[in-house]
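Enquirer: Provided below: model-v1.txt, containing compact mmCIF, C-alpha atoms.
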```txt
# COMPACT_ATOMS: atom_id res chain seq x y z
CA MET A 29 28.16 115.11 -89.09
CA ASN A 30 26.26 111.87 -88.58
CA SER A 31 25.96 108.74 -90.67
CA ALA A 32 23.47 108.47 -93.50
CA ASN A 33 21.24 106.36 -91.27
CA THR A 34 20.70 109.10 -88.67
CA PRO A 35 19.33 112.62 -89.06
CA PRO A 36 21.94 115.27 -89.87
CA VAL A 37 22.69 117.95 -87.31
CA THR A 38 20.22 120.77 -87.83
CA ILE A 39 20.85 124.41 -88.64
CA SER A 40 19.20 125.34 -85.36
CA GLU A 41 21.53 123.09 -83.37
CA LEU A 42 24.62 124.29 -85.21
CA GLY A 43 23.64 127.92 -84.70
CA LEU A 44 23.23 127.40 -80.96
CA ALA A 45 26.63 125.68 -80.73
CA LEU A 46 28.30 128.48 -82.71
CA ARG A 47 26.89 131.17 -80.47
CA ARG A 48 27.77 129.27 -77.29
CA GLY A 49 31.30 128.88 -78.54
CA THR A 50 31.25 125.08 -78.34
CA THR A 51 32.13 124.87 -82.03
CA SER A 52 33.32 127.16 -84.79
CA SER A 53 32.48 127.58 -88.43
CA VAL A 54 35.95 126.32 -89.33
CA GLN A 55 35.30 123.15 -87.33
CA LEU A 56 31.93 122.69 -89.02
CA VAL A 57 33.43 123.14 -92.47
CA ARG A 58 36.28 120.75 -91.76
CA ALA A 59 33.76 118.16 -90.55
CA ALA A 60 31.68 118.70 -93.69
CA LEU A 61 34.75 118.29 -95.91
CA ARG A 62 35.68 115.04 -94.15
CA ARG A 63 32.17 113.75 -94.57
CA ILE A 64 32.17 114.65 -98.27
CA GLU A 65 35.52 112.90 -98.75
CA ASP A 66 34.14 109.80 -97.03
CA ARG A 67 30.69 109.57 -98.61
CA ASN A 68 30.89 111.32 -101.98
CA PRO A 69 32.59 108.42 -103.80
CA THR A 70 29.47 106.37 -103.00
CA VAL A 71 26.63 108.85 -103.54
CA ASN A 72 28.20 111.33 -106.01
CA ALA A 73 26.47 114.32 -104.44
CA PHE A 74 29.22 116.83 -105.26
CA VAL A 75 30.81 117.64 -108.60
CA LEU A 76 33.10 120.29 -107.13
CA VAL A 77 34.34 120.96 -103.60
CA ASP A 78 35.86 124.39 -102.87
CA SER A 79 37.81 123.55 -99.72
CA ALA A 80 40.02 126.64 -99.76
CA GLY A 81 37.17 129.03 -100.42
CA ALA A 82 34.99 127.40 -97.77
CA LEU A 83 37.67 127.52 -95.08
CA ALA A 84 38.43 131.16 -95.85
CA ALA A 85 34.74 132.03 -95.58
CA ALA A 86 34.48 130.06 -92.34
CA GLU A 87 37.38 131.98 -90.85
CA GLN A 88 35.65 135.22 -91.74
CA ALA A 89 32.38 133.98 -90.22
CA ASP A 90 34.15 133.10 -86.97
CA ALA A 91 35.89 136.46 -86.85
CA GLU A 92 32.60 138.28 -87.34
CA LEU A 93 30.85 136.33 -84.59
CA ALA A 94 33.78 136.97 -82.26
CA ALA A 95 33.47 140.70 -83.02
CA GLY A 96 29.75 140.66 -82.26
CA ARG A 97 28.48 140.72 -85.84
CA ASP A 98 25.77 138.08 -86.20
CA ARG A 99 24.28 137.78 -89.68
CA GLY A 100 21.46 135.45 -88.63
CA PRO A 101 20.63 131.73 -88.53
CA LEU A 102 22.80 130.77 -91.51
CA HIS A 103 25.93 132.51 -90.20
CA GLY A 104 28.85 130.06 -90.30
CA VAL A 105 26.72 127.15 -91.60
CA PRO A 106 28.09 124.95 -94.43
CA VAL A 107 25.89 125.00 -97.56
CA ALA A 108 25.92 123.23 -100.93
CA VAL A 109 24.67 124.73 -104.21
CA LYS A 110 23.25 122.98 -107.28
CA ASP A 111 25.58 123.17 -110.27
CA LEU A 112 23.38 125.32 -112.49
CA ILE A 113 23.59 128.22 -110.04
CA ASP A 114 26.48 130.58 -110.71
CA ILE A 115 29.19 131.05 -108.09
CA ALA A 116 31.80 133.63 -109.05
CA GLY A 117 35.09 132.04 -110.07
CA LEU A 118 33.71 128.49 -110.23
CA PRO A 119 32.51 126.57 -113.29
CA THR A 120 28.80 126.03 -113.89
CA THR A 121 28.42 122.84 -115.91
CA CYS A 122 24.66 122.25 -115.64
CA GLY A 123 25.56 118.55 -115.65
CA SER A 124 26.54 118.77 -119.32
CA ALA A 125 29.56 118.60 -121.58
CA SER A 126 27.87 121.09 -123.93
CA SER A 127 28.49 124.81 -124.10
CA PHE A 128 25.30 125.68 -122.21
CA GLY A 129 27.19 126.05 -118.93
CA THR A 130 29.89 128.66 -118.47
CA ALA A 131 33.58 127.86 -118.13
CA ARG A 132 33.66 130.00 -114.99
CA ALA A 133 30.96 132.24 -113.63
CA ILE A 134 31.83 135.92 -113.62
CA GLU A 135 29.58 136.82 -110.71
CA ASP A 136 27.40 135.20 -108.08
CA ALA A 137 23.78 134.40 -108.76
CA GLU A 138 21.58 136.61 -106.59
CA ILE A 139 20.62 133.67 -104.36
CA VAL A 140 24.33 132.96 -103.78
CA ALA A 141 24.91 136.63 -102.96
CA ARG A 142 22.12 136.36 -100.42
CA LEU A 143 23.71 133.25 -98.92
CA ARG A 144 26.97 135.14 -98.50
CA ARG A 145 25.22 138.15 -96.97
CA ALA A 146 23.53 135.76 -94.53
CA GLY A 147 26.97 134.48 -93.49
CA ALA A 148 26.57 130.99 -94.96
CA VAL A 149 29.69 129.10 -96.06
CA ILE A 150 29.49 127.52 -99.51
CA VAL A 151 31.45 124.27 -99.64
CA GLY A 152 30.80 123.19 -103.22
CA LYS A 153 28.46 122.44 -106.11
CA THR A 154 26.17 119.44 -106.42
CA THR A 155 25.30 116.95 -109.14
CA LEU A 156 22.18 117.46 -111.24
CA HIS A 157 20.32 115.76 -114.05
CA GLU A 158 21.66 117.34 -117.25
CA PHE A 159 20.18 120.83 -117.79
CA ALA A 160 17.87 120.07 -114.82
CA TYR A 161 15.70 118.29 -117.39
CA GLY A 162 14.86 115.06 -115.62
CA ALA A 163 13.36 113.67 -112.43
CA THR A 164 15.57 110.61 -112.09
CA GLY A 165 18.95 112.20 -111.34
CA ASP A 166 20.85 109.58 -113.30
CA ARG A 167 21.65 111.47 -116.50
CA SER A 168 24.67 113.75 -116.06
CA VAL A 169 28.12 114.13 -117.50
CA HIS A 170 29.28 113.62 -113.91
CA GLY A 171 27.40 110.35 -113.47
CA PRO A 172 24.27 109.67 -111.43
CA SER A 173 23.69 111.06 -107.98
CA ARG A 174 22.76 108.14 -105.76
CA ASN A 175 20.37 107.66 -102.89
CA PRO A 176 22.29 107.57 -99.58
CA VAL A 177 19.70 105.16 -98.14
CA ASP A 178 20.48 102.66 -100.92
CA PRO A 179 23.11 103.73 -103.49
CA GLY A 180 21.62 101.35 -106.03
CA ARG A 181 18.52 103.53 -106.05
CA MET A 182 17.79 106.90 -107.64
CA SER A 183 18.27 110.06 -105.66
CA GLY A 184 15.57 111.64 -107.79
CA GLY A 185 16.14 114.77 -109.77
CA SER A 186 16.96 117.06 -111.03
CA SER A 187 18.43 118.36 -107.76
CA GLY A 188 19.49 114.88 -106.64
CA GLY A 189 22.99 115.82 -105.53
CA SER A 190 21.68 118.47 -103.16
CA ALA A 191 19.19 116.05 -101.61
CA ALA A 192 21.87 113.38 -101.25
CA ALA A 193 24.29 115.87 -99.66
CA VAL A 194 21.80 116.65 -96.90
CA ALA A 195 20.58 113.07 -96.50
CA ALA A 196 24.16 111.81 -96.14
CA GLY A 197 24.90 114.42 -93.48
CA MET A 198 27.47 116.25 -95.60
CA VAL A 199 25.80 119.65 -95.13
CA PRO A 200 22.70 120.79 -93.23
CA LEU A 201 21.44 122.98 -96.10
CA ALA A 202 21.58 122.71 -99.87
CA LEU A 203 20.06 124.75 -102.69
CA GLY A 204 18.22 123.23 -105.62
CA THR A 205 15.81 124.30 -108.32
CA ASP A 206 12.31 122.98 -108.93
CA THR A 207 10.52 123.21 -112.27
CA ALA A 208 8.28 120.13 -112.00
CA GLY A 209 9.28 118.68 -108.64
CA SER A 210 13.06 118.75 -108.80
CA VAL A 211 13.40 119.65 -105.11
CA ARG A 212 10.45 117.78 -103.65
CA VAL A 213 10.96 114.52 -105.57
CA PRO A 214 14.58 113.93 -104.45
CA ALA A 215 13.70 115.12 -100.94
CA ALA A 216 11.00 112.45 -100.71
CA LEU A 217 13.15 109.69 -102.22
CA CYS A 218 16.16 110.48 -100.00
CA GLY A 219 14.21 111.14 -96.80
CA VAL A 220 14.85 114.85 -96.17
CA VAL A 221 12.76 118.02 -96.22
CA GLY A 222 12.37 119.82 -99.54
CA PHE A 223 10.71 123.22 -99.85
CA LYS A 224 9.56 124.94 -103.04
CA PRO A 225 8.54 128.48 -102.07
CA ALA A 226 6.01 130.44 -104.08
CA PHE A 227 7.01 131.38 -107.62
CA GLY A 228 9.40 134.34 -107.47
CA ALA A 229 9.87 134.21 -103.70
CA LEU A 230 13.56 133.41 -104.19
CA PRO A 231 15.45 135.04 -107.09
CA VAL A 232 16.46 133.09 -110.20
CA SER A 233 18.88 135.65 -111.69
CA GLY A 234 22.24 133.98 -112.31
CA ILE A 235 20.64 130.53 -112.51
CA HIS A 236 20.66 128.71 -115.82
CA PRO A 237 16.98 128.27 -116.71
CA LEU A 238 14.99 125.25 -117.80
CA ALA A 239 11.47 126.64 -118.20
CA PRO A 240 11.41 130.24 -116.95
CA THR A 241 7.70 130.48 -116.11
CA LEU A 242 7.91 127.31 -114.01
CA ASP A 243 11.39 127.51 -112.42
CA HIS A 244 11.62 127.94 -108.65
CA VAL A 245 14.60 128.00 -106.28
CA GLY A 246 14.18 125.49 -103.45
CA LEU A 247 15.84 124.26 -100.27
CA PHE A 248 16.86 120.95 -98.73
CA THR A 249 17.21 120.57 -94.96
CA ALA A 250 16.90 117.94 -92.24
CA THR A 251 13.79 119.49 -90.66
CA SER A 252 10.94 121.76 -91.65
CA GLN A 253 12.03 124.30 -89.03
CA ASP A 254 15.41 124.53 -90.76
CA ALA A 255 13.69 125.05 -94.12
CA LEU A 256 11.62 127.85 -92.61
CA LEU A 257 14.70 129.51 -91.09
CA ALA A 258 16.60 129.31 -94.36
CA SER A 259 13.75 130.51 -96.55
CA LEU A 260 13.11 133.51 -94.31
CA ALA A 261 16.81 134.35 -94.26
CA LEU A 262 17.01 134.26 -98.06
CA SER A 263 13.64 135.64 -99.17
CA ARG A 264 13.85 139.06 -97.50
CA SER A 265 10.13 138.72 -96.83
CA PRO A 266 8.68 139.28 -93.37
CA GLU A 267 7.08 136.25 -91.75
CA ARG A 268 3.34 136.59 -92.11
CA THR A 269 0.65 135.34 -89.74
CA PRO A 270 -1.95 133.04 -91.32
CA SER A 271 -5.55 134.08 -91.36
CA SER A 272 -6.65 131.68 -88.62
CA ASP A 273 -5.20 129.34 -86.02
CA LEU A 274 -4.02 125.84 -86.89
CA PRO A 275 -6.69 123.88 -84.96
CA ASP A 276 -9.48 125.60 -86.93
CA ALA A 277 -8.21 124.48 -90.31
CA PRO A 278 -8.16 120.72 -91.00
CA VAL A 279 -5.85 119.63 -93.76
CA ALA A 280 -7.55 118.72 -97.02
CA TRP A 281 -6.33 115.28 -98.10
CA ILE A 282 -6.45 114.89 -101.88
CA PRO A 283 -6.65 111.17 -102.68
CA PRO A 284 -3.56 110.78 -104.88
CA GLU A 285 -5.29 108.42 -107.28
CA ASP A 286 -7.47 111.41 -108.24
CA ILE A 287 -4.29 112.81 -109.82
CA ALA A 288 -2.21 109.80 -110.84
CA PRO A 289 -1.73 106.07 -110.17
CA THR A 290 -0.21 105.62 -106.71
CA ASP A 291 1.11 102.73 -104.66
CA PRO A 292 -1.66 102.37 -102.04
CA ARG A 293 0.94 101.63 -99.36
CA VAL A 294 2.62 104.98 -100.03
CA ALA A 295 -0.74 106.73 -99.81
CA GLN A 296 -1.55 104.99 -96.52
CA ILE A 297 1.74 105.96 -94.89
CA ALA A 298 1.29 109.58 -95.93
CA HIS A 299 -2.34 109.73 -94.78
CA ASP A 300 -1.55 108.05 -91.46
CA SER A 301 1.12 110.66 -90.76
CA LEU A 302 -1.56 113.36 -90.84
CA ILE A 303 -3.70 111.49 -88.36
CA ARG A 304 -0.79 110.83 -86.00
CA GLY A 305 0.21 114.48 -86.23
CA GLY A 306 -3.24 115.66 -85.24
CA ALA A 307 -3.79 117.46 -88.55
CA ASN A 308 -7.41 116.24 -88.70
CA PRO A 309 -7.34 115.39 -92.43
CA ARG A 310 -10.53 115.74 -94.45
CA ALA A 311 -10.73 113.93 -97.76
CA VAL A 312 -11.54 116.24 -100.67
CA SER A 313 -12.09 114.33 -103.91
CA GLY A 314 -12.58 115.41 -107.49
CA VAL A 315 -11.46 118.99 -106.90
CA LEU A 316 -8.70 119.41 -109.50
CA GLY A 317 -10.80 119.09 -112.61
CA ARG A 318 -9.69 116.80 -115.45
CA THR A 319 -6.48 115.68 -113.80
CA GLU A 320 -5.58 113.42 -116.71
CA ASP A 321 -4.90 116.62 -118.64
CA LEU A 322 -2.65 118.21 -116.01
CA PHE A 323 0.57 116.49 -116.97
CA ARG A 324 -0.09 117.05 -120.66
CA THR A 325 -0.56 120.77 -120.04
CA PHE A 326 2.54 120.92 -117.90
CA SER A 327 4.66 119.01 -120.43
CA THR A 328 3.56 121.35 -123.22
CA LEU A 329 4.60 124.41 -121.23
CA GLN A 330 7.89 122.95 -120.05
CA GLY A 331 8.81 121.39 -123.39
CA HIS A 332 8.22 124.58 -125.40
CA GLU A 333 10.16 126.75 -122.96
CA ALA A 334 13.03 124.26 -122.51
CA PHE A 335 13.58 124.01 -126.25
CA ALA A 336 13.56 127.80 -126.57
CA VAL A 337 16.23 128.03 -123.85
CA HIS A 338 18.49 125.46 -125.55
CA ALA A 339 17.78 125.93 -129.26
CA ALA A 340 20.77 128.16 -129.96
CA HIS A 341 23.44 125.72 -128.77
CA LEU A 342 21.94 122.41 -129.95
CA PRO A 343 23.24 122.50 -133.55
CA GLY A 344 26.57 120.72 -133.58
CA GLU A 345 26.37 119.68 -129.92
CA GLU A 346 23.92 116.78 -130.07
CA SER A 347 26.67 114.25 -129.44
CA LEU A 348 27.63 116.03 -126.21
CA ILE A 349 24.14 115.73 -124.70
CA ASP A 350 22.65 112.64 -123.07
CA PRO A 351 20.32 110.96 -125.61
CA ASP A 352 17.36 110.93 -123.19
CA VAL A 353 17.73 114.65 -122.49
CA LEU A 354 18.26 115.49 -126.16
CA ALA A 355 15.14 113.55 -127.15
CA ARG A 356 13.06 115.48 -124.65
CA LEU A 357 14.43 118.78 -125.91
CA ARG A 358 13.60 117.80 -129.49
CA THR A 359 10.05 116.90 -128.44
CA GLY A 360 9.63 120.48 -127.22
CA GLU A 361 10.62 121.72 -130.68
CA SER A 362 7.37 120.29 -132.05
CA VAL A 363 5.16 122.35 -129.71
CA SER A 364 3.54 125.09 -131.75
CA THR A 365 2.91 128.65 -130.60
CA GLU A 366 -0.82 127.91 -130.64
CA GLN A 367 -0.39 124.78 -128.52
CA TYR A 368 1.70 126.71 -126.01
CA ALA A 369 -0.87 129.50 -125.82
CA ALA A 370 -3.65 126.99 -125.18
CA ALA A 371 -1.59 125.32 -122.45
CA ASP A 372 -0.90 128.71 -120.90
CA ARG A 373 -4.63 129.43 -120.75
CA ALA A 374 -5.20 126.03 -119.15
CA ARG A 375 -2.43 126.83 -116.65
CA ARG A 376 -4.14 130.09 -115.65
CA ASP A 377 -7.48 128.30 -115.23
CA PHE A 378 -5.81 125.66 -113.08
CA ARG A 379 -4.08 128.25 -110.93
CA ASP A 380 -7.41 129.99 -110.34
CA LEU A 381 -8.96 126.66 -109.38
CA VAL A 382 -6.15 125.93 -106.91
CA LEU A 383 -6.38 129.37 -105.32
CA ARG A 384 -10.14 128.95 -104.87
CA LEU A 385 -9.53 125.56 -103.30
CA LEU A 386 -6.95 127.03 -100.94
CA ASP A 387 -9.45 129.69 -99.88
CA GLN A 388 -11.63 126.86 -98.59
CA HIS A 389 -8.84 124.55 -97.40
CA PRO A 390 -5.68 126.51 -96.43
CA VAL A 391 -3.45 123.41 -96.53
CA LEU A 392 -3.69 120.55 -99.02
CA ALA A 393 -1.90 117.22 -98.61
CA VAL A 394 -0.95 114.44 -101.00
CA PRO A 395 2.01 112.02 -101.14
CA THR A 396 5.04 113.75 -102.63
CA VAL A 397 5.82 110.83 -104.94
CA PRO A 398 3.48 107.89 -105.65
CA ILE A 399 6.27 105.30 -105.45
CA ILE A 400 9.49 104.62 -103.57
CA ALA A 401 12.89 105.25 -105.12
CA PRO A 402 13.40 103.24 -108.34
CA ARG A 403 16.70 101.63 -109.19
CA ILE A 404 19.32 103.58 -111.12
CA ASP A 405 18.50 103.49 -114.85
CA GLN A 406 15.03 101.98 -114.25
CA ARG A 407 12.78 103.50 -116.90
CA THR A 408 9.37 102.01 -116.02
CA VAL A 409 7.78 101.50 -112.61
CA ARG A 410 4.65 100.05 -111.07
CA ALA A 411 2.37 102.51 -109.29
CA GLY A 412 -0.58 100.64 -107.89
CA SER A 413 -1.93 98.54 -110.75
CA ALA A 414 -0.41 100.76 -113.47
CA THR A 415 2.92 100.55 -115.29
CA LEU A 416 4.29 104.03 -115.99
CA GLU A 417 7.33 105.77 -117.40
CA THR A 418 9.51 106.49 -114.36
CA ARG A 419 9.75 110.23 -115.00
CA THR A 420 5.98 110.54 -115.40
CA ALA A 421 5.35 108.71 -112.15
CA LEU A 422 7.92 110.71 -110.18
CA LEU A 423 6.54 114.09 -111.28
CA SER A 424 2.84 113.28 -111.34
CA LEU A 425 2.00 114.62 -107.87
CA THR A 426 4.46 117.55 -107.80
CA SER A 427 4.22 119.24 -111.22
CA PRO A 428 0.68 120.64 -110.75
CA TRP A 429 1.89 122.94 -107.97
CA ASN A 430 4.55 124.46 -110.24
CA MET A 431 1.79 125.45 -112.63
CA ALA A 432 -0.10 127.01 -109.74
CA GLY A 433 3.08 128.68 -108.41
CA VAL A 434 2.12 128.05 -104.78
CA PRO A 435 4.38 126.97 -101.88
CA ALA A 436 4.83 123.20 -101.53
CA LEU A 437 6.77 121.33 -98.85
CA SER A 438 7.85 117.67 -98.76
CA VAL A 439 8.33 116.09 -95.34
CA PRO A 440 9.61 112.54 -94.68
CA VAL A 441 7.01 110.44 -92.86
CA GLY A 442 8.25 106.87 -92.83
CA ARG A 443 9.64 104.06 -94.92
CA LEU A 444 8.33 101.36 -97.20
CA ASP A 445 10.52 98.36 -97.96
CA GLY A 446 13.31 100.28 -96.22
CA LEU A 447 13.02 103.35 -98.49
CA PRO A 448 11.72 106.81 -97.57
CA VAL A 449 8.18 108.06 -98.14
CA GLY A 450 7.27 111.76 -98.14
CA ILE A 451 4.10 113.76 -97.73
CA GLN A 452 3.59 116.98 -99.68
CA LEU A 453 1.85 119.96 -98.08
CA ILE A 454 0.59 122.83 -100.24
CA SER A 455 -0.64 126.28 -99.22
CA ALA A 456 -1.35 129.68 -100.69
CA GLU A 457 1.40 132.27 -100.64
CA GLY A 458 1.22 134.03 -97.28
CA GLU A 459 0.12 130.88 -95.46
CA GLU A 460 3.64 129.44 -95.11
CA LYS A 461 3.57 129.71 -91.31
CA ARG A 462 0.57 127.39 -91.25
CA LEU A 463 2.30 125.05 -93.70
CA PHE A 464 5.39 124.75 -91.52
CA GLY A 465 3.34 124.44 -88.35
CA ILE A 466 1.56 121.37 -89.68
CA ALA A 467 4.86 119.98 -90.95
CA SER A 468 6.34 120.27 -87.44
CA MET A 469 3.36 118.43 -85.96
CA ILE A 470 3.84 115.62 -88.49
CA GLU A 471 7.61 115.46 -87.86
CA ASP A 472 7.17 115.27 -84.08
CA HIS A 473 4.87 112.26 -84.32
CA SER A 474 6.79 110.61 -87.16
CA ALA A 475 9.95 110.81 -85.03
CA ALA A 476 8.13 109.18 -82.14
CA VAL A 477 6.95 106.32 -84.36
CA HIS A 478 10.03 105.80 -86.54
CA GLY A 479 12.82 107.18 -84.37
```
Could you render the structure from this file as structure tokens?
Expert:
Amino acid sequence: MNSANTPPVTISELGLALRRGTTSSVQLVRAALRRIEDRNPTVNAFVLVDSAGALAAAEQADAELAAGRDRGPLHGVPVAVKDLIDIAGLPTTCGSASSFGTARAIEDAEIVARLRRAGAVIVGKTTLHEFAYGATGDRSVHGPSRNPVDPGRMSGGSSGGSAAAVAAGMVPLALGTDTAGSVRVPAALCGVVGFKPAFGALPVSGIHPLAPTLDHVGLFTATSQDALLASLALSRSPERTPSSDLPDAPVAWIPPEDIAPTDPRVAQIAHDSLIRGGANPRAVSGVLGRTEDLFRTFSTLQGHEAFAVHAAHLPGEESLIDPDVLARLRTGESVSTEQYAAADRARRDFRDLVLRLLDQHPVLAVPTVPIIAPRIDQRTVRAGSATLETRTALLSLTSPWNMAGVPALSVPVGRLDGLPVGIQLISAEGEEKRLFGIASMIEDHSAAVHG
């Protein structure tokens, strides 16, 4: 594995080497374990490393390949899993000292079972913001996950450990979950690819929930091609052909300030990446309705559902929960049934609006995050001329697409003040091939400029 300042080896490259016999899964796992030992004390990506289990699985993967059994692109590849996803025999802490996690999981989550069936080798579990209820990644019983580019900065959250693990070259693939942006935000801040498939495309059974109608499983990789390979391997869905060819469909650029205050330098870097990549962006303004209401609607939905998930174990456990997380849970307690129902109606209206927009413009683009990575524990940030709560700023451009339930992909496109900037691409379900095609165009030209 490479240093944190160079791109990690890709799944595609590792797969080719495995099948040529120039490496083995055991060698890949040993290299991953060395890298974790070297870098984890700095970035705190992993809360648990299962060396024995990983090496045993790697030996099995090698034996199968030698016998001619090839399970696909993930066969023999080291993978990390966010620590709210159950792995049989291992603890699931959800980043908390409370009883919400299990002492040890009895069985694998379905997504973990799919990883195993695909031949992937699970090396350990990654740090998350407690209960997955935060975008900053710095509230966990295990301590903050840190940005490998600058460990004094946030990894983002809640899947920060998974993003950091890929960004630091520890593993080429990591699983996260995304309720408001918890895959795409840390991907953008750490400089890796983060993919949130359509709602329900990847199974959530065996994953401790945050807000069940908004929760998605997502993936972190070094390249968009790797994210496509992994998502196809795990979704059991055939790859579909988009309705028209790429050159006939310019990307619709949504000016981010239409949604939320944004650092204009971040917006410029993201927009320029589309031009360099030949995506022929077309500005589409004022298309999302009253965007000042979007985050309020989202927060009502998430808050009500998150409190319902956690209400049973809160009495008597308040002292075991981070005060910031506990305060947010208690805020959700005040959301009435009527308020939730109204927010749900607004969510359906917004989803219909987004789907109509995607009928006209098959791919939308906006910066993933309107700012660069804040410092650990920083609770307010500047975004353009506005001062915002850090969490609000981080989630402002990602949370709408959870309400719509559509695929969204974050791709690194450059740096500002030495820190990564990401662009977010959004499509309708069934148009993922187009989404990844545009991402590859952007990556090719970003590599030429920044590599």
Enquirer: If you count only C-alpha atoms, which residues fall within 6 Å of A:Asp206, apart from same-chain ones fewer than 5 positions away, as a PyMOL selection string?
Expert: chain A and resi 211+243-244
Enquirer: Grab the atom CA of A:Ala250 to atom CA of A:Ala215 distance for me, in Å with one decimal place.
Expert: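 Distance reported for this atom pair: 9.7 Å.
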Enquirer: Sorted by chain and rising residue number, which residues of stretch 255-349 of chain A lie within 9 Å of stretch 142-160 of chain A, and what are their closest atom pairs and distances in Å to one decimal, counting all atoms listed in the file, as a Markdown table?
Expert:
```
| residue | atom | partner | partner_atom | distance |
| --- | --- | --- | --- | --- |
| A:Ala261 | CA | A:Ala146 | CA | 6.9 |
| A:Leu262 | CA | A:Arg142 | CA | 6.0 |
| A:Ser263 | CA | A:Arg142 | CA | 8.6 |
| A:Ile349 | CA | A:Glu158 | CA | 8.0 |
```
Enquirer: Can you tell me which residues surround A:Thr290 at a distance of at most 9 Å, considering all atoms listed in the file, apart from same-chain residues fewer than 3 positions away, and format the answer as an mmCIF file with C-alpha atoms, in the coordinates of the input?
Expert:
```cif
data_model
loop_
_atom_site.group_PDB
_atom_site.id
_atom_site.type_symbol
_atom_site.label_atom_id
_atom_site.label_comp_id
_atom_site.auth_asym_id
_atom_site.auth_seq_id
_atom_site.Cartn_x
_atom_site.Cartn_y
_atom_site.Cartn_z
ATOM 1 C CA PRO A 284 -3.560 110.780 -104.880
ATOM 2 C CA GLU A 285 -5.290 108.420 -107.280
ATOM 3 C CA ILE A 287 -4.290 112.810 -109.820
ATOM 4 C CA ARG A 293 0.940 101.630 -99.360
ATOM 5 C CA VAL A 294 2.620 104.980 -100.030
ATOM 6 C CA ALA A 295 -0.740 106.730 -99.810
ATOM 7 C CA PRO A 395 2.010 112.020 -101.140
ATOM 8 C CA VAL A 397 5.820 110.830 -104.940
ATOM 9 C CA PRO A 398 3.480 107.890 -105.650
ATOM 10 C CA ILE A 399 6.270 105.300 -105.450
ATOM 11 C CA ARG A 410 4.650 100.050 -111.070
ATOM 12 C CA ALA A 411 2.370 102.510 -109.290
ATOM 13 C CA GLY A 412 -0.580 100.640 -107.890
ATOM 14 C CA SER A 413 -1.930 98.540 -110.750
ATOM 15 C CA ALA A 414 -0.410 100.760 -113.470
ATOM 16 C CA ALA A 421 5.350 108.710 -112.150
#
```
Enquirer: Enter the distance from atom CA of A:Ser455 to atom CA of A:Val391, in Å, rounded to one decimal.
Expert: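 Distance between the two atoms: 4.8 Å.
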Enquirer: Just want the 6 Å neighbourhood of stretch 203-205 of chain A, counted on all atoms listed in the file, with same-chain residues fewer than 2 positions away dropped. Output as a list in words.
Expert: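 Close residues of stretch 203-205 of chain A: Val109, Lys110, Ser187, His244, Val245, Gly246 and Leu247 of chain A.
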Enquirer: Atom CA of A:Leu118 and atom CA of A:Arg132 are how many Å apart?
Expert: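 A separation of 5.0 Å between them.
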Enquirer: Write out as a list in words each polymer residue whose atoms come within 12 Å of A:Pro343, counting all atoms listed in the file; drop sequence neighbours fewer than 4 positions from it.
Expert: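 After dropping sequence-adjacent residues, the list is Ser126, Ser127, Phe128, His338, Ala339, Ser347, Leu348, Ile349, Leu354 and Arg358 of chain A.
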Enquirer: Place a sphere of radius 10 Å on (10.0, 131.0, -103.0) in the file coordinates and name every protein, DNA or RNA residue with an atom inside or on its surface, counting only C-alpha atoms; give the answer as a PDB file with C-alpha atoms, in the frame of the given file.
Expert:
```
ATOM      1  CA  PHE A 223      10.710 123.220 -99.850  1.00  0.00           C
ATOM      2  CA  LYS A 224       9.560 124.940-103.040  1.00  0.00           C
ATOM      3  CA  PRO A 225       8.540 128.480-102.070  1.00  0.00           C
ATOM      4  CA  ALA A 226       6.010 130.440-104.080  1.00  0.00           C
ATOM      5  CA  PHE A 227       7.010 131.380-107.620  1.00  0.00           C
ATOM      6  CA  GLY A 228       9.400 134.340-107.470  1.00  0.00           C
ATOM      7  CA  ALA A 229       9.870 134.210-103.700  1.00  0.00           C
ATOM      8  CA  LEU A 230      13.560 133.410-104.190  1.00  0.00           C
ATOM      9  CA  PRO A 231      15.450 135.040-107.090  1.00  0.00           C
ATOM     10  CA  VAL A 232      16.460 133.090-110.200  1.00  0.00           C
ATOM     11  CA  HIS A 244      11.620 127.940-108.650  1.00  0.00           C
ATOM     12  CA  VAL A 245      14.600 128.000-106.280  1.00  0.00           C
ATOM     13  CA  GLY A 246      14.180 125.490-103.450  1.00  0.00           C
ATOM     14  CA  LEU A 247      15.840 124.260-100.270  1.00  0.00           C
ATOM     15  CA  SER A 259      13.750 130.510 -96.550  1.00  0.00           C
ATOM     16  CA  LEU A 260      13.110 133.510 -94.310  1.00  0.00           C
ATOM     17  CA  LEU A 262      17.010 134.260 -98.060  1.00  0.00           C
ATOM     18  CA  SER A 263      13.640 135.640 -99.170  1.00  0.00           C
ATOM     19  CA  SER A 265      10.130 138.720 -96.830  1.00  0.00           C
ATOM     20  CA  GLY A 433       3.080 128.680-108.410  1.00  0.00           C
ATOM     21  CA  VAL A 434       2.120 128.050-104.780  1.00  0.00           C
ATOM     22  CA  PRO A 435       4.380 126.970-101.880  1.00  0.00           C
ATOM     23  CA  ALA A 436       4.830 123.200-101.530  1.00  0.00           C
ATOM     24  CA  GLU A 457       1.400 132.270-100.640  1.00  0.00           C
TER      25      GLU A 457
END
```
Enquirer: Using all atoms listed in the file for the distances, tell me which of A:Ser362, A:Thr328, A:Thr408, A:Ser252 is nearest to A:Thr38.
Expert: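 Among A:Ser362, A:Thr328, A:Thr408, A:Ser252, it is A:Ser252 that comes nearest to A:Thr38.
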Enquirer: From the list A:Ile235, A:Val220, A:Ala432, A:Ala255, which residue is nearest A:Pro101 when using only C-alpha atoms?
Expert: A:Ala255
